[in-house]
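Pasted below: entry-v2.pdb, PDB, C-alpha atoms, pLDDT in the B column.
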```pdb
ATOM      1  CA  MET A   1      -2.240  25.217  73.681  1.00 66.00           C
ATOM      2  CA  ASN A   2      -5.496  23.481  72.883  1.00 82.00           C
ATOM      3  CA  ILE A   3      -5.741  21.672  69.477  1.00 82.00           C
ATOM      4  CA  PRO A   4      -9.245  21.384  68.021  1.00 87.00           C
ATOM      5  CA  PRO A   5     -10.535  17.778  67.671  1.00 88.00           C
ATOM      6  CA  TRP A   6     -10.761  17.906  63.856  1.00 89.00           C
ATOM      7  CA  ARG A   7      -7.063  18.826  63.666  1.00 90.00           C
ATOM      8  CA  GLN A   8      -6.183  15.939  65.962  1.00 91.00           C
ATOM      9  CA  VAL A   9      -8.008  13.581  63.585  1.00 92.00           C
ATOM     10  CA  LEU A  10      -6.065  14.999  60.603  1.00 93.00           C
ATOM     11  CA  ILE A  11      -2.766  14.568  62.448  1.00 93.00           C
ATOM     12  CA  HIS A  12      -3.614  10.937  63.262  1.00 94.00           C
ATOM     13  CA  ILE A  13      -4.583  10.247  59.638  1.00 95.00           C
ATOM     14  CA  ALA A  14      -1.331  11.800  58.402  1.00 96.00           C
ATOM     15  CA  LEU A  15       0.711   9.731  60.883  1.00 96.00           C
ATOM     16  CA  ALA A  16      -1.139   6.555  59.871  1.00 96.00           C
ATOM     17  CA  ALA A  17      -0.530   7.291  56.167  1.00 96.00           C
ATOM     18  CA  ALA A  18       3.169   7.928  56.805  1.00 96.00           C
ATOM     19  CA  THR A  19       3.393   4.642  58.729  1.00 97.00           C
ATOM     20  CA  VAL A  20       1.699   2.694  55.921  1.00 97.00           C
ATOM     21  CA  LEU A  21       3.950   4.269  53.273  1.00 96.00           C
ATOM     22  CA  SER A  22       7.043   3.489  55.375  1.00 96.00           C
ATOM     23  CA  LEU A  23       5.979  -0.138  55.758  1.00 96.00           C
ATOM     24  CA  CYS A  24       5.348  -0.383  51.997  1.00 95.00           C
ATOM     25  CA  ALA A  25       8.804   1.042  51.274  1.00 94.00           C
ATOM     26  CA  ILE A  26      10.441  -1.419  53.681  1.00 94.00           C
ATOM     27  CA  GLY A  27       8.454  -4.279  52.102  1.00 91.00           C
ATOM     28  CA  TRP A  28       9.556  -3.183  48.633  1.00 90.00           C
ATOM     29  CA  VAL A  29      13.231  -3.131  49.659  1.00 89.00           C
ATOM     30  CA  VAL A  30      12.967  -6.569  51.302  1.00 86.00           C
ATOM     31  CA  MET A  31      11.224  -8.047  48.223  1.00 85.00           C
ATOM     32  CA  ASP A  32      13.707  -6.471  45.812  1.00 81.00           C
ATOM     33  CA  SER A  33      16.908  -7.279  47.697  1.00 81.00           C
ATOM     34  CA  VAL A  34      16.099 -10.533  49.520  1.00 77.00           C
ATOM     35  CA  VAL A  35      13.088 -12.416  48.183  1.00 76.00           C
ATOM     36  CA  MET A  36      13.420 -11.902  44.418  1.00 74.00           C
ATOM     37  CA  PRO A  37      17.139 -12.777  44.234  1.00 72.00           C
ATOM     38  CA  HIS A  38      16.326 -15.984  46.139  1.00 70.00           C
ATOM     39  CA  VAL A  39      13.537 -16.813  43.674  1.00 65.00           C
ATOM     40  CA  ALA A  40      15.840 -16.085  40.736  1.00 61.00           C
ATOM     41  CA  ARG A  41      18.562 -18.342  42.177  1.00 63.00           C
ATOM     42  CA  SER A  42      16.058 -21.140  42.764  1.00 66.00           C
ATOM     43  CA  GLY A  43      16.044 -21.508  38.992  1.00 67.00           C
ATOM     44  CA  TRP A  44      12.655 -21.302  37.385  1.00 74.00           C
ATOM     45  CA  ALA A  45      13.189 -22.989  34.065  1.00 80.00           C
ATOM     46  CA  VAL A  46      12.684 -20.561  31.192  1.00 84.00           C
ATOM     47  CA  VAL A  47      11.737 -21.712  27.702  1.00 88.00           C
ATOM     48  CA  VAL A  48      11.804 -19.785  24.426  1.00 90.00           C
ATOM     49  CA  VAL A  49       8.501 -20.317  22.617  1.00 94.00           C
ATOM     50  CA  PRO A  50       9.163 -21.883  19.196  1.00 96.00           C
ATOM     51  CA  ASP A  51       7.536 -20.818  15.933  1.00 96.00           C
ATOM     52  CA  ILE A  52       4.816 -23.397  15.295  1.00 97.00           C
ATOM     53  CA  SER A  53       2.987 -21.572  12.503  1.00 93.00           C
ATOM     54  CA  GLY A  54       2.103 -23.805   9.590  1.00 92.00           C
ATOM     55  CA  LEU A  55       2.375 -27.028  11.628  1.00 95.00           C
ATOM     56  CA  SER A  56      -0.553 -29.358  12.165  1.00 95.00           C
ATOM     57  CA  GLY A  57      -2.233 -29.269  15.556  1.00 94.00           C
ATOM     58  CA  ASP A  58      -0.622 -32.600  16.515  1.00 96.00           C
ATOM     59  CA  GLN A  59       2.864 -31.540  15.402  1.00 97.00           C
ATOM     60  CA  ALA A  60       2.589 -28.213  17.240  1.00 96.00           C
ATOM     61  CA  THR A  61       1.302 -29.925  20.390  1.00 97.00           C
ATOM     62  CA  ARG A  62       4.169 -32.444  20.406  1.00 97.00           C
ATOM     63  CA  LYS A  63       6.769 -29.719  19.843  1.00 97.00           C
ATOM     64  CA  LEU A  64       5.419 -27.619  22.725  1.00 97.00           C
ATOM     65  CA  VAL A  65       5.049 -30.570  25.105  1.00 97.00           C
ATOM     66  CA  ASP A  66       8.634 -31.655  24.351  1.00 96.00           C
ATOM     67  CA  LEU A  67       9.791 -28.208  25.526  1.00 95.00           C
ATOM     68  CA  GLY A  68       7.753 -28.430  28.726  1.00 94.00           C
ATOM     69  CA  LEU A  69       4.993 -26.067  27.618  1.00 96.00           C
ATOM     70  CA  GLU A  70       1.250 -26.642  27.844  1.00 96.00           C
ATOM     71  CA  PRO A  71      -0.513 -26.293  24.467  1.00 97.00           C
ATOM     72  CA  THR A  72      -4.199 -25.383  24.259  1.00 96.00           C
ATOM     73  CA  ILE A  73      -5.943 -25.479  20.879  1.00 95.00           C
ATOM     74  CA  ASP A  74      -8.689 -22.864  20.664  1.00 94.00           C
ATOM     75  CA  PRO A  75     -11.922 -24.210  19.113  1.00 93.00           C
ATOM     76  CA  GLU A  76     -12.312 -21.012  17.052  1.00 90.00           C
ATOM     77  CA  ARG A  77     -10.724 -21.247  13.602  1.00 88.00           C
ATOM     78  CA  ARG A  78      -8.938 -18.251  12.090  1.00 86.00           C
ATOM     79  CA  ARG A  79      -9.106 -17.201   8.463  1.00 81.00           C
ATOM     80  CA  ALA A  80      -5.622 -17.407   6.982  1.00 79.00           C
ATOM     81  CA  ASP A  81      -5.233 -16.961   3.239  1.00 74.00           C
ATOM     82  CA  ARG A  82      -1.632 -18.202   3.133  1.00 80.00           C
ATOM     83  CA  ILE A  83      -2.003 -21.143   5.512  1.00 84.00           C
ATOM     84  CA  GLY A  84      -3.931 -24.274   4.656  1.00 86.00           C
ATOM     85  CA  PRO A  85      -6.833 -25.492   6.748  1.00 89.00           C
ATOM     86  CA  ASP A  86      -6.111 -27.217  10.082  1.00 91.00           C
ATOM     87  CA  LEU A  87      -2.601 -25.760  10.334  1.00 94.00           C
ATOM     88  CA  VAL A  88      -1.435 -23.340  13.045  1.00 95.00           C
ATOM     89  CA  ALA A  89      -2.380 -19.799  11.997  1.00 93.00           C
ATOM     90  CA  LEU A  90      -1.752 -17.943  15.277  1.00 93.00           C
ATOM     91  CA  GLN A  91      -0.092 -18.575  18.627  1.00 95.00           C
ATOM     92  CA  ARG A  92       0.089 -16.700  21.924  1.00 94.00           C
ATOM     93  CA  PRO A  93       2.653 -16.083  23.359  1.00 93.00           C
ATOM     94  CA  ALA A  94       4.431 -15.334  20.102  1.00 93.00           C
ATOM     95  CA  ALA A  95       7.437 -17.230  18.787  1.00 94.00           C
ATOM     96  CA  GLY A  96      10.630 -16.028  20.448  1.00 90.00           C
ATOM     97  CA  ASP A  97       8.981 -14.979  23.732  1.00 88.00           C
ATOM     98  CA  SER A  98      10.578 -16.337  26.920  1.00 86.00           C
ATOM     99  CA  VAL A  99       8.156 -17.990  29.336  1.00 87.00           C
ATOM    100  CA  LYS A 100       8.305 -20.162  32.441  1.00 86.00           C
ATOM    101  CA  LYS A 101       8.274 -23.915  31.842  1.00 89.00           C
ATOM    102  CA  GLY A 102       4.692 -25.179  32.048  1.00 91.00           C
ATOM    103  CA  HIS A 103       3.284 -21.945  30.575  1.00 92.00           C
ATOM    104  CA  VAL A 104       0.140 -22.279  28.440  1.00 95.00           C
ATOM    105  CA  VAL A 105       0.599 -21.615  24.714  1.00 96.00           C
ATOM    106  CA  ARG A 106      -2.718 -20.915  23.008  1.00 96.00           C
ATOM    107  CA  ILE A 107      -3.019 -22.133  19.418  1.00 96.00           C
ATOM    108  CA  TRP A 108      -5.523 -21.167  16.721  1.00 95.00           C
ATOM    109  CA  LEU A 109      -5.809 -23.366  13.653  1.00 95.00           C
ATOM    110  CA  SER A 110      -6.548 -22.034  10.195  1.00 92.00           C
ATOM    111  CA  ALA A 111      -9.951 -22.281   8.585  1.00 88.00           C
ATOM    112  CA  GLY A 112      -8.138 -21.915   5.257  1.00 80.00           C
ATOM    113  CA  ALA A 113      -8.761 -19.288   2.671  1.00 73.00           C
ATOM    114  CA  THR A 114     -12.245 -17.936   2.236  1.00 69.00           C
ATOM    115  CA  THR A 115     -13.802 -19.003  -1.052  1.00 71.00           C
ATOM    116  CA  VAL A 116     -16.358 -17.148  -3.109  1.00 71.00           C
ATOM    117  CA  PRO A 117     -18.145 -18.214  -6.283  1.00 78.00           C
ATOM    118  CA  VAL A 118     -16.635 -16.800  -9.471  1.00 83.00           C
ATOM    119  CA  PRO A 119     -19.264 -14.918 -11.453  1.00 86.00           C
ATOM    120  CA  ASP A 120     -20.153 -16.024 -14.989  1.00 88.00           C
ATOM    121  CA  LEU A 121     -18.524 -13.440 -17.257  1.00 84.00           C
ATOM    122  CA  GLN A 122     -19.392 -14.872 -20.657  1.00 86.00           C
ATOM    123  CA  GLY A 123     -20.632 -12.294 -23.138  1.00 86.00           C
ATOM    124  CA  GLN A 124     -19.626  -9.296 -20.995  1.00 86.00           C
ATOM    125  CA  ASP A 125     -17.241  -6.567 -22.080  1.00 84.00           C
ATOM    126  CA  SER A 126     -14.064  -6.059 -20.024  1.00 81.00           C
ATOM    127  CA  THR A 127     -15.428  -3.158 -17.952  1.00 85.00           C
ATOM    128  CA  GLU A 128     -18.618  -4.999 -17.028  1.00 87.00           C
ATOM    129  CA  ALA A 129     -16.693  -8.211 -16.274  1.00 83.00           C
ATOM    130  CA  LEU A 130     -14.201  -6.331 -14.077  1.00 84.00           C
ATOM    131  CA  THR A 131     -17.060  -4.752 -12.138  1.00 86.00           C
ATOM    132  CA  HIS A 132     -18.687  -8.151 -11.476  1.00 83.00           C
ATOM    133  CA  VAL A 133     -15.355  -9.661 -10.402  1.00 82.00           C
ATOM    134  CA  GLN A 134     -14.711  -6.816  -7.944  1.00 81.00           C
ATOM    135  CA  GLU A 135     -18.277  -7.024  -6.583  1.00 81.00           C
ATOM    136  CA  ALA A 136     -17.587 -10.690  -5.786  1.00 78.00           C
ATOM    137  CA  GLY A 137     -14.608  -9.591  -3.687  1.00 73.00           C
ATOM    138  CA  LEU A 138     -12.012 -10.933  -6.128  1.00 78.00           C
ATOM    139  CA  LEU A 139      -8.920  -9.233  -7.532  1.00 76.00           C
ATOM    140  CA  VAL A 140      -7.812  -9.243 -11.145  1.00 77.00           C
ATOM    141  CA  SER A 141      -4.073  -9.729 -11.517  1.00 74.00           C
ATOM    142  CA  GLY A 142      -4.003  -9.745 -15.309  1.00 72.00           C
ATOM    143  CA  SER A 143      -6.169 -10.371 -18.303  1.00 70.00           C
ATOM    144  CA  ASP A 144      -5.926 -12.045 -21.691  1.00 71.00           C
ATOM    145  CA  TYR A 145      -8.196 -11.218 -24.569  1.00 69.00           C
ATOM    146  CA  VAL A 146      -9.510 -14.071 -26.636  1.00 69.00           C
ATOM    147  CA  THR A 147     -11.752 -13.603 -29.618  1.00 69.00           C
ATOM    148  CA  SER A 148     -14.396 -16.132 -30.344  1.00 65.00           C
ATOM    149  CA  GLY A 149     -15.582 -16.784 -33.788  1.00 59.00           C
TER
END
```

Would you give me this structure, written as structure tokens?
Amino acid sequence: MNIPPWRQVLIHIALAAATVLSLCAIGWVVMDSVVMPHVARSGWAVVVVPDISGLSGDQATRKLVDLGLEPTIDPERRRADRIGPDLVALQRPAAGDSVKKGHVVRIWLSAGATTVPVPDLQGQDSTEALTHVQEAGLLVSGSDYVTSG
């Protein structure tokens, strides 16, 4: 029986693919059952990332260094209405994550709350004043009426 050359090429490609897949499977088994257990037993130190939100950059850095982590303060400041300026507003990895000792923890400090000028509302009725306050991006939580005389 004479096999055409194009079929011989397909058979060789199929055999090569089966060989590669077999080698990958053997490699996977060796990694999973021999190498990784050895690495796990060698004892990479794992650290739980602490919550450093609200701390100053120096305090957060010291706390992370004391745990064997590598802090990096990002030069970009983040807007944080509830956190004062120059305090930690965001961290990655997040608090509670488990990481290898020496892992980099990225820190963003707060730029503080955004401020806007309060519009002059003298002489305006309540509807007009409320409109100007909302246009300035402010919220009204309550109002008191005072009569002038």

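Candidate residues A:Ala16, A:Leu109, A:Leu23, A:Val34 were compared for distance to Gly54 in chain A, and the nearest is A:Leu109, using all atoms listed in the file.
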
Next item on the list: Rank nothing, just name the residue among A:Ala18, A:Leu121, A:Leu67, A:Ala60 nearest to Leu90 in chain A, using only C-alpha atoms.
Entry: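 With only C-alpha atoms as the atom set, the closest residue is A:Ala60.
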
Note to self: When the PyMOL selection byres ((chain A and resi 83) around 8) is applied to the structure above, which residues does it catch, written out as a list in words?
What the structure shows: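 Answer for the PyMOL selection byres ((chain A and resi 83) around 8): Gly54, Ala80, Asp81, Arg82, Gly84, Pro85, Leu87, Val88, Ala89, Ser110, Gly112 and Ala113 of chain A.
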
Next item on the list: Using the chain letters and residue numbers of this document, give as an MDAnalysis selection string the residues selected by the PyMOL selection byres ((chain A and resi 70) around 12).
Entry: chainID A and resid 47 49 60:69 71:73 92:93 99:107

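The nearest approach to Val48 in chain A among the residues A:Asp125, A:Glu135, A:Asp97, A:Asp86, with only C-alpha atoms taken into account, belongs to A:Asp97.
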
Next item on the list: Would you work out the distance separating CA of Arg79 in chain A from CA of Gly96 in chain A, expressed in Å to one decimal?
Entry: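 Taking CA of Arg79 in chain A as the start and CA of Gly96 in chain A as the end point, the length is 23.1 Å.
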
Check: Quick one, how far is CA of Pro117 in chain A from CA of Leu139 in chain A?
Finding: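 It comes out at 12.9 Å.
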
Checklist line | d(CA of Pro75 in chain A, CA of Leu138 in chain A) in Å | finding: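 So the two atoms, CA of Pro75 in chain A and CA of Leu138 in chain A, lie 28.5 Å apart.
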
Item checked: Given only C-alpha atoms as the counted atoms, nearest of A:Met31, A:Glu128, A:Gln134, A:Trp108 to Gly57 in chain A ->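 With only C-alpha atoms as the atom set, the closest residue is A:Trp108.
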
Note to self: Quick one: residues within 12 Å of Ser143 in chain A, all atoms listed in the file, excluding same-chain residues fewer than 6 positions away - as a list of chain:residue names?
What the structure shows: A:Ser126, A:Thr127, A:Ala129, A:Leu130

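Here the PyMOL selection byres ((chain A and resi 118) around 10) matches the residues Thr115, Val116, Pro117, Pro119, Asp120, Leu121, His132, Val133, Ala136, Gly137 and Leu138 of chain A.
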